[in-house]
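Visitor: Below is data_25.pdb; it holds PDB, C-alpha atoms and all ligand atoms.
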ATOM      1  CA  MET D   8     104.121  93.712  92.375
ATOM      2  CA  THR D   9     102.149  95.731  94.956
ATOM      3  CA  THR D  10     101.140  93.462  97.802
ATOM      4  CA  SER D  11      99.612  95.749 100.464
ATOM      5  CA  ALA D  12      96.023  96.900  99.949
ATOM      6  CA  PRO D  13      96.115 100.517  98.786
ATOM      7  CA  ARG D  14      93.672 102.973 100.348
ATOM      8  CA  SER D  15      92.271 105.666  98.133
ATOM      9  CA  VAL D  16      92.080 109.175  99.563
ATOM     10  CA  ALA D  17      89.323 110.637  97.413
ATOM     11  CA  THR D  18      86.560 109.655  95.062
ATOM     12  CA  VAL D  19      85.296 112.412  92.820
ATOM     13  CA  LEU D  20      82.154 111.521  90.922
ATOM     14  CA  ASP D  21      80.846 113.934  88.382
ATOM     15  CA  ASP D  22      77.963 116.200  89.337
ATOM     16  CA  ASP D  23      75.087 113.965  88.332
ATOM     17  CA  PRO D  24      73.516 112.751  91.628
ATOM     18  CA  ASP D  25      72.186 109.577  89.958
ATOM     19  CA  SER D  26      75.775 108.500  89.416
ATOM     20  CA  ARG D  27      76.600 108.416  93.090
ATOM     21  CA  THR D  28      75.448 104.861  93.552
ATOM     22  CA  VAL D  29      76.658 102.229  91.156
ATOM     23  CA  ALA D  30      74.042  99.502  90.991
ATOM     24  CA  PHE D  31      75.430  96.046  91.654
ATOM     25  CA  GLY D  32      73.539  94.996  88.538
ATOM     26  CA  SER D  33      75.304  97.651  86.476
ATOM     27  CA  ASN D  34      76.874  96.476  83.272
ATOM     28  CA  SER D  35      80.221  97.929  84.367
ATOM     29  CA  VAL D  36      80.194  95.690  87.464
ATOM     30  CA  GLN D  37      78.655  92.632  85.823
ATOM     31  CA  HIS D  38      80.400  92.690  82.452
ATOM     32  CA  GLY D  39      83.438  94.944  82.794
ATOM     33  CA  SER D  40      82.305  97.557  80.288
ATOM     34  CA  ALA D  41      83.927 100.594  81.908
ATOM     35  CA  VAL D  42      86.906 102.299  80.262
ATOM     36  CA  PHE D  43      89.605 103.947  82.320
ATOM     37  CA  GLU D  44      93.017 105.562  82.570
ATOM     38  CA  GLY D  45      95.835 105.429  85.101
ATOM     39  CA  ILE D  46      97.479 108.840  85.487
ATOM     40  CA  ARG D  47     100.199 110.142  87.825
ATOM     41  CA  CYS D  48     100.784 113.520  89.333
ATOM     42  CA  HIS D  49     104.198 114.243  90.782
ATOM     43  CA  ARG D  50     105.770 116.719  93.156
ATOM     44  CA  THR D  51     107.587 119.517  91.340
ATOM     45  CA  ALA D  52     109.328 122.657  92.575
ATOM     46  CA  ASP D  53     106.107 124.624  91.879
ATOM     47  CA  GLY D  54     103.564 122.257  93.435
ATOM     48  CA  SER D  55     102.131 119.195  91.779
ATOM     49  CA  ALA D  56     101.897 118.469  88.054
ATOM     50  CA  VAL D  57     100.049 115.788  86.109
ATOM     51  CA  PHE D  58     102.202 113.919  83.611
ATOM     52  CA  ARG D  59     100.893 113.850  80.029
ATOM     53  CA  LEU D  60      97.317 114.523  81.106
ATOM     54  CA  ASP D  61      95.906 115.235  77.655
ATOM     55  CA  ASP D  62      97.542 112.147  76.157
ATOM     56  CA  HIS D  63      95.860 110.000  78.812
ATOM     57  CA  LEU D  64      92.502 111.707  78.322
ATOM     58  CA  ARG D  65      92.698 111.350  74.550
ATOM     59  CA  ARG D  66      93.330 107.642  75.068
ATOM     60  CA  LEU D  67      90.280 107.500  77.384
ATOM     61  CA  LEU D  68      88.123 109.136  74.706
ATOM     62  CA  ALA D  69      89.513 106.736  72.093
ATOM     63  CA  SER D  70      88.740 103.752  74.362
ATOM     64  CA  ALA D  71      85.143 104.959  74.807
ATOM     65  CA  ARG D  72      84.749 105.527  71.070
ATOM     66  CA  ALA D  73      86.107 102.085  70.225
ATOM     67  CA  MET D  74      83.646 100.467  72.656
ATOM     68  CA  GLY D  75      80.677 102.480  71.319
ATOM     69  CA  ILE D  76      80.169 104.076  74.742
ATOM     70  CA  ARG D  77      77.925 107.146  74.779
ATOM     71  CA  HIS D  78      78.884 109.944  77.145
ATOM     72  CA  GLU D  79      78.920 113.702  77.381
ATOM     73  CA  TYR D  80      82.585 114.416  78.001
ATOM     74  CA  ASP D  81      85.003 116.247  75.795
ATOM     75  CA  LEU D  82      88.685 116.766  76.498
ATOM     76  CA  GLY D  83      88.111 120.028  78.373
ATOM     77  CA  ARG D  84      85.501 118.599  80.740
ATOM     78  CA  LEU D  85      87.538 115.469  81.439
ATOM     79  CA  ARG D  86      90.541 117.658  82.198
ATOM     80  CA  GLU D  87      88.535 119.783  84.593
ATOM     81  CA  VAL D  88      87.163 116.800  86.588
ATOM     82  CA  VAL D  89      90.535 115.035  86.785
ATOM     83  CA  LEU D  90      92.315 118.193  87.969
ATOM     84  CA  ARG D  91      89.551 118.763  90.532
ATOM     85  CA  ALA D  92      90.091 115.223  91.811
ATOM     86  CA  ALA D  93      93.868 115.742  91.992
ATOM     87  CA  GLU D  94      93.330 118.942  93.913
ATOM     88  CA  SER D  95      90.777 117.460  96.321
ATOM     89  CA  GLY D  96      93.063 114.510  97.053
ATOM     90  CA  GLY D  97      95.482 117.089  98.443
ATOM     91  CA  LEU D  98      98.542 114.970  97.616
ATOM     92  CA  ARG D  99     101.584 116.092  95.682
ATOM     93  CA  ASP D 100     102.324 112.537  94.508
ATOM     94  CA  ALA D 101      99.171 110.699  93.540
ATOM     95  CA  TYR D 102      97.783 108.062  91.238
ATOM     96  CA  LEU D 103      94.540 109.116  89.542
ATOM     97  CA  ARG D 104      92.105 106.682  88.015
ATOM     98  CA  PRO D 105      89.378 108.288  85.863
ATOM     99  CA  VAL D 106      86.736 105.724  84.926
ATOM    100  CA  LEU D 107      83.853 106.105  82.474
ATOM    101  CA  TYR D 108      81.271 103.667  83.806
ATOM    102  CA  THR D 109      77.557 103.053  83.697
ATOM    103  CA  PRO D 110      75.670 103.182  86.985
ATOM    104  CA  ASP D 111      72.458 101.801  85.357
ATOM    105  CA  PRO D 112      71.200  98.497  86.751
ATOM    106  CA  ARG D 113      70.068  97.213  83.375
ATOM    107  CA  LEU D 114      71.081  93.834  82.067
ATOM    108  CA  GLY D 115      72.435  93.267  78.591
ATOM    109  CA  VAL D 116      75.753  93.674  76.870
ATOM    110  CA  GLY D 117      74.869  96.127  74.090
ATOM    111  CA  LEU D 118      76.162  99.438  75.408
ATOM    112  CA  THR D 119      74.237 101.934  73.285
ATOM    113  CA  ALA D 120      71.297 102.070  75.719
ATOM    114  CA  PHE D 121      73.443 102.773  78.768
ATOM    115  CA  ARG D 122      74.328 106.161  80.208
ATOM    116  CA  PHE D 123      78.030 106.453  81.008
ATOM    117  CA  THR D 124      79.431 108.915  83.506
ATOM    118  CA  LEU D 125      82.825 109.771  85.000
ATOM    119  CA  GLY D 126      84.327 109.011  88.389
ATOM    120  CA  VAL D 127      87.922 109.578  89.506
ATOM    121  CA  GLU D 128      89.602 107.681  92.312
ATOM    122  CA  VAL D 129      92.750 109.145  93.892
ATOM    123  CA  TRP D 130      95.398 107.079  95.664
ATOM    124  CA  PRO D 131      98.633 108.134  97.337
ATOM    125  CA  ALA D 132     101.352 107.277  94.838
ATOM    126  CA  THR D 133     103.256 105.399  97.524
ATOM    127  CA  ASP D 134     100.385 102.908  97.787
ATOM    128  CA  VAL D 135     100.309 101.972  94.133
ATOM    129  CA  VAL D 136     103.891 102.533  93.107
ATOM    130  CA  ASP D 137     105.626  99.241  93.211
ATOM    131  CA  PRO D 138     108.946  98.978  94.940
ATOM    132  CA  VAL D 139     111.806  99.744  92.638
ATOM    133  CA  GLU D 140     113.235  96.317  93.320
ATOM    134  CA  PRO D 141     113.972  94.246  90.251
ATOM    135  CA  VAL D 142     111.123  91.947  89.240
ATOM    136  CA  ARG D 143     111.262  88.343  88.095
ATOM    137  CA  LEU D 144     109.189  87.458  85.038
ATOM    138  CA  THR D 145     108.007  84.256  83.437
ATOM    139  CA  VAL D 146     106.787  83.841  79.880
ATOM    140  CA  SER D 147     103.047  83.215  80.199
ATOM    141  CA  PRO D 148     101.126  80.502  78.376
ATOM    142  CA  TRP D 149      98.353  83.120  78.148
ATOM    143  CA  HIS D 150      98.889  85.316  75.101
ATOM    144  CA  ARG D 151      97.588  88.863  74.637
ATOM    145  CA  PRO D 152      94.339  89.087  72.654
ATOM    146  CA  GLY D 153      94.979  89.669  68.964
ATOM    147  CA  PRO D 154      93.479  92.615  67.064
ATOM    148  CA  SER D 155      90.633  90.470  65.744
ATOM    149  CA  VAL D 156      89.655  89.621  69.337
ATOM    150  CA  PHE D 157      89.821  93.036  70.965
ATOM    151  CA  PRO D 158      91.054  96.434  69.784
ATOM    152  CA  VAL D 159      94.573  96.837  71.151
ATOM    153  CA  GLY D 160      95.090 100.127  72.922
ATOM    154  CA  VAL D 161      91.630 100.141  74.520
ATOM    155  CA  LYS D 162      91.709 100.233  78.309
ATOM    156  CA  ALA D 163      88.438  98.498  79.213
ATOM    157  CA  THR D 164      88.070  97.081  82.716
ATOM    158  CA  GLY D 165      86.914  93.683  81.423
ATOM    159  CA  LEU D 166      90.126  93.255  79.456
ATOM    160  CA  TYR D 167      92.037  93.168  82.720
ATOM    161  CA  ALA D 168      90.572  89.745  83.543
ATOM    162  CA  LEU D 169      93.121  88.522  80.987
ATOM    163  CA  SER D 170      95.961  90.324  82.763
ATOM    164  CA  ALA D 171      94.708  88.959  86.101
ATOM    165  CA  LEU D 172      94.771  85.424  84.729
ATOM    166  CA  ALA D 173      98.352  85.687  83.499
ATOM    167  CA  ARG D 174      99.634  87.607  86.561
ATOM    168  CA  THR D 175      97.951  85.263  89.057
ATOM    169  CA  ALA D 176      99.417  82.185  87.383
ATOM    170  CA  ALA D 177     102.871  83.840  87.404
ATOM    171  CA  LEU D 178     102.544  84.665  91.111
ATOM    172  CA  ALA D 179     101.488  81.097  91.893
ATOM    173  CA  ASN D 180     104.697  79.930  90.238
ATOM    174  CA  GLY D 181     106.852  82.265  92.338
ATOM    175  CA  PHE D 182     107.342  85.074  89.784
ATOM    176  CA  ASP D 183     106.324  88.734  90.052
ATOM    177  CA  ASP D 184     104.755  89.125  86.643
ATOM    178  CA  ALA D 185     104.341  87.529  83.237
ATOM    179  CA  VAL D 186     105.631  88.318  79.770
ATOM    180  CA  GLN D 187     102.745  87.873  77.357
ATOM    181  CA  LEU D 188     103.254  86.982  73.717
ATOM    182  CA  ASP D 189     101.517  88.136  70.567
ATOM    183  CA  PRO D 190      99.029  85.408  69.552
ATOM    184  CA  ALA D 191      99.774  85.588  65.819
ATOM    185  CA  THR D 192     103.564  85.834  65.834
ATOM    186  CA  GLY D 193     104.494  84.245  69.180
ATOM    187  CA  ARG D 194     106.815  87.200  69.739
ATOM    188  CA  VAL D 195     107.065  89.255  72.910
ATOM    189  CA  ALA D 196     104.199  91.753  73.326
ATOM    190  CA  GLU D 197     104.232  93.174  76.861
ATOM    191  CA  ALA D 198     103.792  92.340  80.543
ATOM    192  CA  THR D 199     100.346  92.178  82.196
ATOM    193  CA  ILE D 200     100.086  95.903  82.964
ATOM    194  CA  ALA D 201     103.329  97.252  81.546
ATOM    195  CA  ASN D 202     105.358  97.552  78.365
ATOM    196  CA  ILE D 203     108.704  95.833  78.046
ATOM    197  CA  PHE D 204     112.079  97.099  76.835
ATOM    198  CA  LEU D 205     115.393  95.450  76.280
ATOM    199  CA  VAL D 206     118.877  96.841  75.827
ATOM    200  CA  ARG D 207     121.499  95.049  73.745
ATOM    201  CA  ASP D 208     124.860  96.525  72.745
ATOM    202  CA  GLY D 209     123.651  99.984  73.713
ATOM    203  CA  VAL D 210     120.482  99.854  71.555
ATOM    204  CA  VAL D 211     117.140 100.380  73.330
ATOM    205  CA  THR D 212     114.431  98.162  71.804
ATOM    206  CA  THR D 213     110.728  97.676  72.513
ATOM    207  CA  PRO D 214     108.161  95.532  70.659
ATOM    208  CA  TRP D 215     106.575  97.447  67.833
ATOM    209  CA  ARG D 216     102.957  98.471  67.836
ATOM    210  CA  THR D 217     101.962  95.784  65.365
ATOM    211  CA  GLU D 218     102.254  93.217  68.156
ATOM    212  CA  SER D 219      99.209  93.012  70.422
ATOM    213  CA  LEU D 220     100.132  95.534  73.067
ATOM    214  CA  LEU D 221      98.895  98.702  74.670
ATOM    215  CA  PRO D 222     101.207 101.403  73.322
ATOM    216  CA  GLY D 223     101.895 102.964  76.702
ATOM    217  CA  ILE D 224     102.456 106.624  77.360
ATOM    218  CA  THR D 225     105.483 105.777  79.521
ATOM    219  CA  ARG D 226     106.826 103.675  76.631
ATOM    220  CA  ASP D 227     106.465 106.659  74.318
ATOM    221  CA  SER D 228     108.129 108.966  76.876
ATOM    222  CA  VAL D 229     111.039 106.563  77.379
ATOM    223  CA  LEU D 230     111.609 106.280  73.616
ATOM    224  CA  ALA D 231     111.717 110.095  73.379
ATOM    225  CA  LEU D 232     114.032 110.462  76.384
ATOM    226  CA  ALA D 233     116.344 107.676  75.167
ATOM    227  CA  SER D 234     116.767 109.443  71.816
ATOM    228  CA  ARG D 235     117.417 112.680  73.618
ATOM    229  CA  LEU D 236     120.173 110.967  75.638
ATOM    230  CA  GLY D 237     121.710 109.815  72.369
ATOM    231  CA  TYR D 238     120.757 106.123  72.454
ATOM    232  CA  ARG D 239     119.624 104.392  69.307
ATOM    233  CA  THR D 240     116.001 103.276  69.758
ATOM    234  CA  VAL D 241     114.184 100.563  67.855
ATOM    235  CA  GLU D 242     110.502  99.651  67.768
ATOM    236  CA  GLY D 243     110.639  96.244  66.175
ATOM    237  CA  PRO D 244     109.986  92.531  66.480
ATOM    238  CA  VAL D 245     111.242  91.059  69.764
ATOM    239  CA  ASP D 246     111.305  87.298  69.919
ATOM    240  CA  ARG D 247     111.909  85.258  73.044
ATOM    241  CA  ALA D 248     115.512  84.632  72.025
ATOM    242  CA  ALA D 249     116.152  88.402  71.854
ATOM    243  CA  LEU D 250     114.825  88.753  75.364
ATOM    244  CA  GLN D 251     117.127  85.979  76.581
ATOM    245  CA  ALA D 252     120.104  87.569  74.815
ATOM    246  CA  ALA D 253     119.507  91.085  76.208
ATOM    247  CA  ASP D 254     121.998  92.907  78.424
ATOM    248  CA  GLU D 255     119.242  94.731  80.323
ATOM    249  CA  VAL D 256     115.462  94.321  80.469
ATOM    250  CA  PHE D 257     112.954  96.649  82.087
ATOM    251  CA  LEU D 258     109.236  97.407  82.282
ATOM    252  CA  THR D 259     107.458 100.740  81.871
ATOM    253  CA  GLY D 260     104.077 101.945  83.095
ATOM    254  CA  THR D 261     102.459 105.025  84.556
ATOM    255  CA  ALA D 262     102.044 103.691  88.099
ATOM    256  CA  PHE D 263     105.687 102.823  88.699
ATOM    257  CA  GLY D 264     107.648 104.476  85.889
ATOM    258  CA  LEU D 265     110.569 102.196  84.994
ATOM    259  CA  VAL D 266     111.279  98.995  86.907
ATOM    260  CA  PRO D 267     114.235  96.690  86.258
ATOM    261  CA  VAL D 268     113.806  93.019  85.384
ATOM    262  CA  ALA D 269     116.071  90.677  87.335
ATOM    263  CA  ALA D 270     115.191  87.523  85.430
ATOM    264  CA  VAL D 271     112.977  86.041  82.746
ATOM    265  CA  ASP D 272     112.420  82.412  83.734
ATOM    266  CA  ASP D 273     115.877  80.905  84.220
ATOM    267  CA  ARG D 274     117.788  83.754  82.512
ATOM    268  CA  THR D 275     119.066  86.261  85.059
ATOM    269  CA  PHE D 276     120.344  89.685  84.095
ATOM    270  CA  ASP D 277     123.367  91.551  85.359
ATOM    271  CA  GLN D 278     122.602  93.864  88.274
ATOM    272  CA  HIS D 279     124.711  96.535  86.617
ATOM    273  CA  ARG D 280     122.206  98.309  84.370
ATOM    274  CA  PRO D 281     123.807 101.521  83.152
ATOM    275  CA  ILE D 282     121.313 102.366  80.424
ATOM    276  CA  PHE D 283     118.258 101.508  82.508
ATOM    277  CA  THR D 284     119.660 103.671  85.329
ATOM    278  CA  ALA D 285     120.224 106.629  82.993
ATOM    279  CA  LEU D 286     116.753 106.302  81.483
ATOM    280  CA  ARG D 287     115.046 106.019  84.849
ATOM    281  CA  GLN D 288     116.815 109.145  86.055
ATOM    282  CA  SER D 289     115.878 110.986  82.907
ATOM    283  CA  TYR D 290     112.227 109.918  83.335
ATOM    284  CA  ARG D 291     112.194 110.965  86.994
ATOM    285  CA  ASP D 292     113.622 114.353  86.038
ATOM    286  CA  ALA D 293     111.010 114.758  83.304
ATOM    287  CA  VAL D 294     107.988 113.928  85.492
ATOM    288  CA  SER D 295     109.128 116.199  88.295
ATOM    289  CA  GLY D 296     109.977 119.147  86.060
ATOM    290  CA  LEU D 297     113.725 118.951  86.679
ATOM    291  CA  SER D 298     114.497 118.803  82.981
ATOM    292  CA  SER D 299     112.869 120.577  80.081
ATOM    293  CA  THR D 300     110.079 118.441  78.706
ATOM    294  CA  PRO D 301     108.179 118.692  75.430
ATOM    295  CA  PRO D 302     105.218 121.117  75.560
ATOM    296  CA  GLY D 303     102.143 119.606  77.199
ATOM    297  CA  TRP D 304     103.910 116.956  79.265
ATOM    298  CA  LEU D 305     103.270 118.679  82.608
ATOM    299  CA  THR D 306      99.941 120.205  83.669
ATOM    300  CA  PRO D 307     100.004 122.018  87.026
ATOM    301  CA  VAL D 308      97.427 120.896  89.601
ATOM    302  CA  PRO D 309      95.563 123.929  90.985
ATOM    303  CA  GLN D 310      96.807 124.644  94.512
ATOM    304  CA  ARG D 311      94.329 124.458  97.368
TER
HETATM  305  N1  LIG U   1     100.204  97.630  78.941
HETATM  306  C1  LIG U   1      99.088  97.415  79.668
HETATM  307  C2  LIG U   1      98.258  96.210  79.407
HETATM  308  C3  LIG U   1      98.736  98.335  80.682
HETATM  309  O1  LIG U   1      97.631  98.144  81.419
HETATM  310  C4  LIG U   1      99.559  99.466  80.912
HETATM  311  C5  LIG U   1      99.195 100.451  81.990
HETATM  312  N2  LIG U   1      98.359 101.459  81.498
HETATM  313  C6  LIG U   1     100.699  99.640  80.114
HETATM  314  C7  LIG U   1     100.994  98.701  79.135
HETATM  315  C8  LIG U   1     101.581 100.855  80.278
HETATM  316  O2  LIG U   1     100.895 101.979  79.767
HETATM  317  P1  LIG U   1     101.184 103.452  80.312
HETATM  318  O3  LIG U   1     102.633 103.684  80.192
HETATM  319  O4  LIG U   1     100.372 104.332  79.425
HETATM  320  O5  LIG U   1     100.727 103.470  81.734
END
Kindly return the structure encoded in the file as structure tokens.
Guide:
Amino acid sequence: MTTSAPRSVATVLDDDPDSRTVAFGSNSVQHGSAVFEGIRCHRTADGSAVFRLDDHLRRLLASARAMGIRHEYDLGRLREVVLRAAESGGLRDAYLRPVLYTPDPRLGVGLTAFRFTLGVEVWPATDVVDPVEPVRLTVSPWHRPGPSVFPVGVKATGLYALSALARTAALANGFDDAVQLDPATGRVAEATIANIFLVRDGVVTTPWRTESLLPGITRDSVLALASRLGYRTVEGPVDRAALQAADEVFLTGTAFGLVPVAAVDDRTFDQHRPIFTALRQSYRDAVSGLSSTPPGWLTPVPQR
């Protein structure tokens, strides 16, 4: 979706001076063992606020735990470093990427011996937020990894080689992104870096968590906002036929929020998307503090 090369505005590495150089031989470079989050802060009437910070950081801790990564961060310390990075970036609208990585140049894939530390990269949101233009998807021959292959819900850098494979093949075939299927059921799981929703007869549906997908924080927010707007929501099985039969289809993810889907392979969708439009507005209001949000959804960035 994003084609220009984004420039980051700040890199905040944690205090340990040994972490300042990542060895090329580091396991995180060589074998993709780092775990990470993608987080947004948005302009609000009172400065900038990070959206669902603690939920992202809890997912980062869960990713590290699942991988057996040893580190010295608890929720409070992660929060402090990420907010410091947001502040030092000096941007109201930014994309923040905290990464737990190992700088050690030791070979080997067993992670228990490695020291993991935190770095946060900050990009202007405009550089990573994809245009709101509708995207065209193709169903990928590359399925998501099943739960016996990799723990779903873990954001490890190496896992994104699988997304790169599916996305690159889709791009080569003239599409913007790929729909990936669950390997066991053959049903719809998600897109390469986003969750997928469909609307049919006014009901808002997304594949349930038992399919191989990352249960996104935007997905969770959209389900909550849709209920609040009075739509019926369903987390359930979504087969390819259901996708073809949908009235509206859209993707969700932290970087871009909600983006409409124009087509899945040869099925094109109506450009009139009333429910998508209402949900996107509701999401934009929530992230920028224009509507009341559940407690904990917005964390103010300290002002410089
Ligand atoms: N699925 C995958 C594979 C992703 O990488 C992402 C982006 N984090 C998502 C879904 C959407 O998750 P979130 O809404 O938490 O950004």
Visitor: Just want the 10 Å neighbourhood of Tyr108 of chain D, counted on all atoms listed in the file, with same-chain residues fewer than 5 positions away dropped. Output as a ChimeraX atom specification.
Guide: /D:26,29,33-36,39-43,71,76,78,121-126,163-164
Visitor: Segment 52-57 of chain D: which residues within 6 Å, counting all atoms listed in the file, same-chain residues fewer than 3 positions away excluded, as a list in words?
Guide: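 So the residues in contact are Arg47, Cys48, His49, Leu60, Arg99, Leu305, Thr306, Pro307 and Val308 of chain D.
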Visitor: Would you mind listing what lies within 12 Å of Arg72 of chain D as number ranges by chain, with all atoms listed in the file counted and same-chain residues fewer than 6 positions away left out?
Guide: D: 41-42, 65-66, 78-81, 107, 118-119, 158, 160-163
Visitor: Interatomic distance between atom CA of Ala252 of chain D and atom CA of Arg274 of chain D?
Guide: 8.9 Å
Visitor: Report as lines of an AutoDock Vina configuration file the centre and the edge lengths, in Å to one decimal, of the axis-aligned box holding every listed atom of ligand LIG 1 (chain U), padded by 8 Å on each side.
Guide:
center_x = 100.1
center_y = 100.3
center_z = 80.5
size_x = 21.0
size_y = 24.1
size_z = 19.0
Visitor: Evaluate the PyMOL selection byres (((not hetatm)) within 6 of (chain U and resi 1)) against this structure - the residues, as a PDB file with C-alpha atoms, in the frame of the given file, please.
Guide:
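That gives us part-v4.pdb:
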ATOM      1  CA  GLY D  45      95.835 105.429  85.101  1.00  0.00           C
ATOM      2  CA  THR D 199     100.346  92.178  82.196  1.00  0.00           C
ATOM      3  CA  ILE D 200     100.086  95.903  82.964  1.00  0.00           C
ATOM      4  CA  ALA D 201     103.329  97.252  81.546  1.00  0.00           C
ATOM      5  CA  ASN D 202     105.358  97.552  78.365  1.00  0.00           C
ATOM      6  CA  LEU D 221      98.895  98.702  74.670  1.00  0.00           C
ATOM      7  CA  GLY D 223     101.895 102.964  76.702  1.00  0.00           C
ATOM      8  CA  ILE D 224     102.456 106.624  77.360  1.00  0.00           C
ATOM      9  CA  THR D 225     105.483 105.777  79.521  1.00  0.00           C
ATOM     10  CA  ARG D 226     106.826 103.675  76.631  1.00  0.00           C
ATOM     11  CA  THR D 259     107.458 100.740  81.871  1.00  0.00           C
ATOM     12  CA  GLY D 260     104.077 101.945  83.095  1.00  0.00           C
ATOM     13  CA  THR D 261     102.459 105.025  84.556  1.00  0.00           C
TER      14      THR D 261
END
Visitor: Nearest to Val206 of chain D: which of D:Ala293, D:Val135, D:Val256, D:Ala270 is it, counting all atoms listed in the file?
Guide: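 Distance minimum relative to Val206 of chain D lands on D:Val256.
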Visitor: The PyMOL selection byres (((chain D and resi 232) around 12) and not hetatm) on the file shown: which residues, as a PyMOL selection string?
Guide: chain D and resi 211+225-231+233-240+282-283+285-294+298-301
Visitor: Point out the residue among D:Ser170, D:Thr284, D:Thr212, D:Gln278 with the least atom-to-atom distance to Ala198 of chain D, counting only C-alpha atoms.
Guide: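 Once distances to Ala198 of chain D are computed over only C-alpha atoms, the minimum belongs to D:Ser170.
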Visitor: By how many Å are atom CA of Phe58 of chain D and atom CA of Pro309 of chain D apart?
Guide: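 Atom CA of Phe58 of chain D sits 14.1 Å away from atom CA of Pro309 of chain D.
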Visitor: Could N, CA and C atoms be built for segment 159-175 of chain D and written out as a PDB file, in the frame of the given file?
Guide:
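Wrote result-v8.pdb, looks like this:
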ATOM      1  N   VAL D 159      93.424  96.557  70.284  1.00  0.00           N
ATOM      2  CA  VAL D 159      94.573  96.837  71.151  1.00  0.00           C
ATOM      3  C   VAL D 159      94.588  98.334  71.429  1.00  0.00           C
ATOM      4  N   GLY D 160      95.043  98.708  72.583  1.00  0.00           N
ATOM      5  CA  GLY D 160      95.090 100.127  72.922  1.00  0.00           C
ATOM      6  C   GLY D 160      93.861 100.603  73.665  1.00  0.00           C
ATOM      7  N   VAL D 161      92.833  99.748  73.779  1.00  0.00           N
ATOM      8  CA  VAL D 161      91.630 100.141  74.520  1.00  0.00           C
ATOM      9  C   VAL D 161      91.767  99.662  75.966  1.00  0.00           C
ATOM     10  N   LYS D 162      91.634 100.609  76.900  1.00  0.00           N
ATOM     11  CA  LYS D 162      91.709 100.233  78.309  1.00  0.00           C
ATOM     12  C   LYS D 162      90.288 100.057  78.836  1.00  0.00           C
ATOM     13  N   ALA D 163      89.763  98.837  78.685  1.00  0.00           N
ATOM     14  CA  ALA D 163      88.438  98.498  79.213  1.00  0.00           C
ATOM     15  C   ALA D 163      88.652  97.610  80.436  1.00  0.00           C
ATOM     16  N   THR D 164      87.836  97.828  81.470  1.00  0.00           N
ATOM     17  CA  THR D 164      88.070  97.081  82.716  1.00  0.00           C
ATOM     18  C   THR D 164      88.013  95.575  82.481  1.00  0.00           C
ATOM     19  N   GLY D 165      87.071  95.124  81.643  1.00  0.00           N
ATOM     20  CA  GLY D 165      86.914  93.683  81.423  1.00  0.00           C
ATOM     21  C   GLY D 165      88.156  93.034  80.854  1.00  0.00           C
ATOM     22  N   LEU D 166      88.914  93.802  80.072  1.00  0.00           N
ATOM     23  CA  LEU D 166      90.126  93.255  79.456  1.00  0.00           C
ATOM     24  C   LEU D 166      91.137  92.826  80.512  1.00  0.00           C
ATOM     25  N   TYR D 167      91.046  93.438  81.684  1.00  0.00           N
ATOM     26  CA  TYR D 167      92.037  93.168  82.720  1.00  0.00           C
ATOM     27  C   TYR D 167      91.830  91.822  83.410  1.00  0.00           C
ATOM     28  N   ALA D 168      90.712  91.139  83.093  1.00  0.00           N
ATOM     29  CA  ALA D 168      90.572  89.745  83.543  1.00  0.00           C
ATOM     30  C   ALA D 168      91.672  88.905  82.897  1.00  0.00           C
ATOM     31  N   LEU D 169      92.065  89.278  81.670  1.00  0.00           N
ATOM     32  CA  LEU D 169      93.121  88.522  80.987  1.00  0.00           C
ATOM     33  C   LEU D 169      94.473  88.765  81.655  1.00  0.00           C
ATOM     34  N   SER D 170      94.716  90.026  82.044  1.00  0.00           N
ATOM     35  CA  SER D 170      95.961  90.324  82.763  1.00  0.00           C
ATOM     36  C   SER D 170      95.970  89.621  84.110  1.00  0.00           C
ATOM     37  N   ALA D 171      94.798  89.602  84.782  1.00  0.00           N
ATOM     38  CA  ALA D 171      94.708  88.959  86.101  1.00  0.00           C
ATOM     39  C   ALA D 171      95.032  87.472  85.987  1.00  0.00           C
ATOM     40  N   LEU D 172      94.525  86.858  84.935  1.00  0.00           N
ATOM     41  CA  LEU D 172      94.771  85.424  84.729  1.00  0.00           C
ATOM     42  C   LEU D 172      96.272  85.150  84.600  1.00  0.00           C
ATOM     43  N   ALA D 173      96.921  85.919  83.741  1.00  0.00           N
ATOM     44  CA  ALA D 173      98.352  85.687  83.499  1.00  0.00           C
ATOM     45  C   ALA D 173      99.183  86.048  84.727  1.00  0.00           C
ATOM     46  N   ARG D 174      98.852  87.173  85.385  1.00  0.00           N
ATOM     47  CA  ARG D 174      99.634  87.607  86.561  1.00  0.00           C
ATOM     48  C   ARG D 174      99.453  86.608  87.710  1.00  0.00           C
ATOM     49  N   THR D 175      98.220  86.157  87.929  1.00  0.00           N
ATOM     50  CA  THR D 175      97.951  85.263  89.057  1.00  0.00           C
ATOM     51  C   THR D 175      98.683  83.930  88.868  1.00  0.00           C
TER      52      THR D 175
END
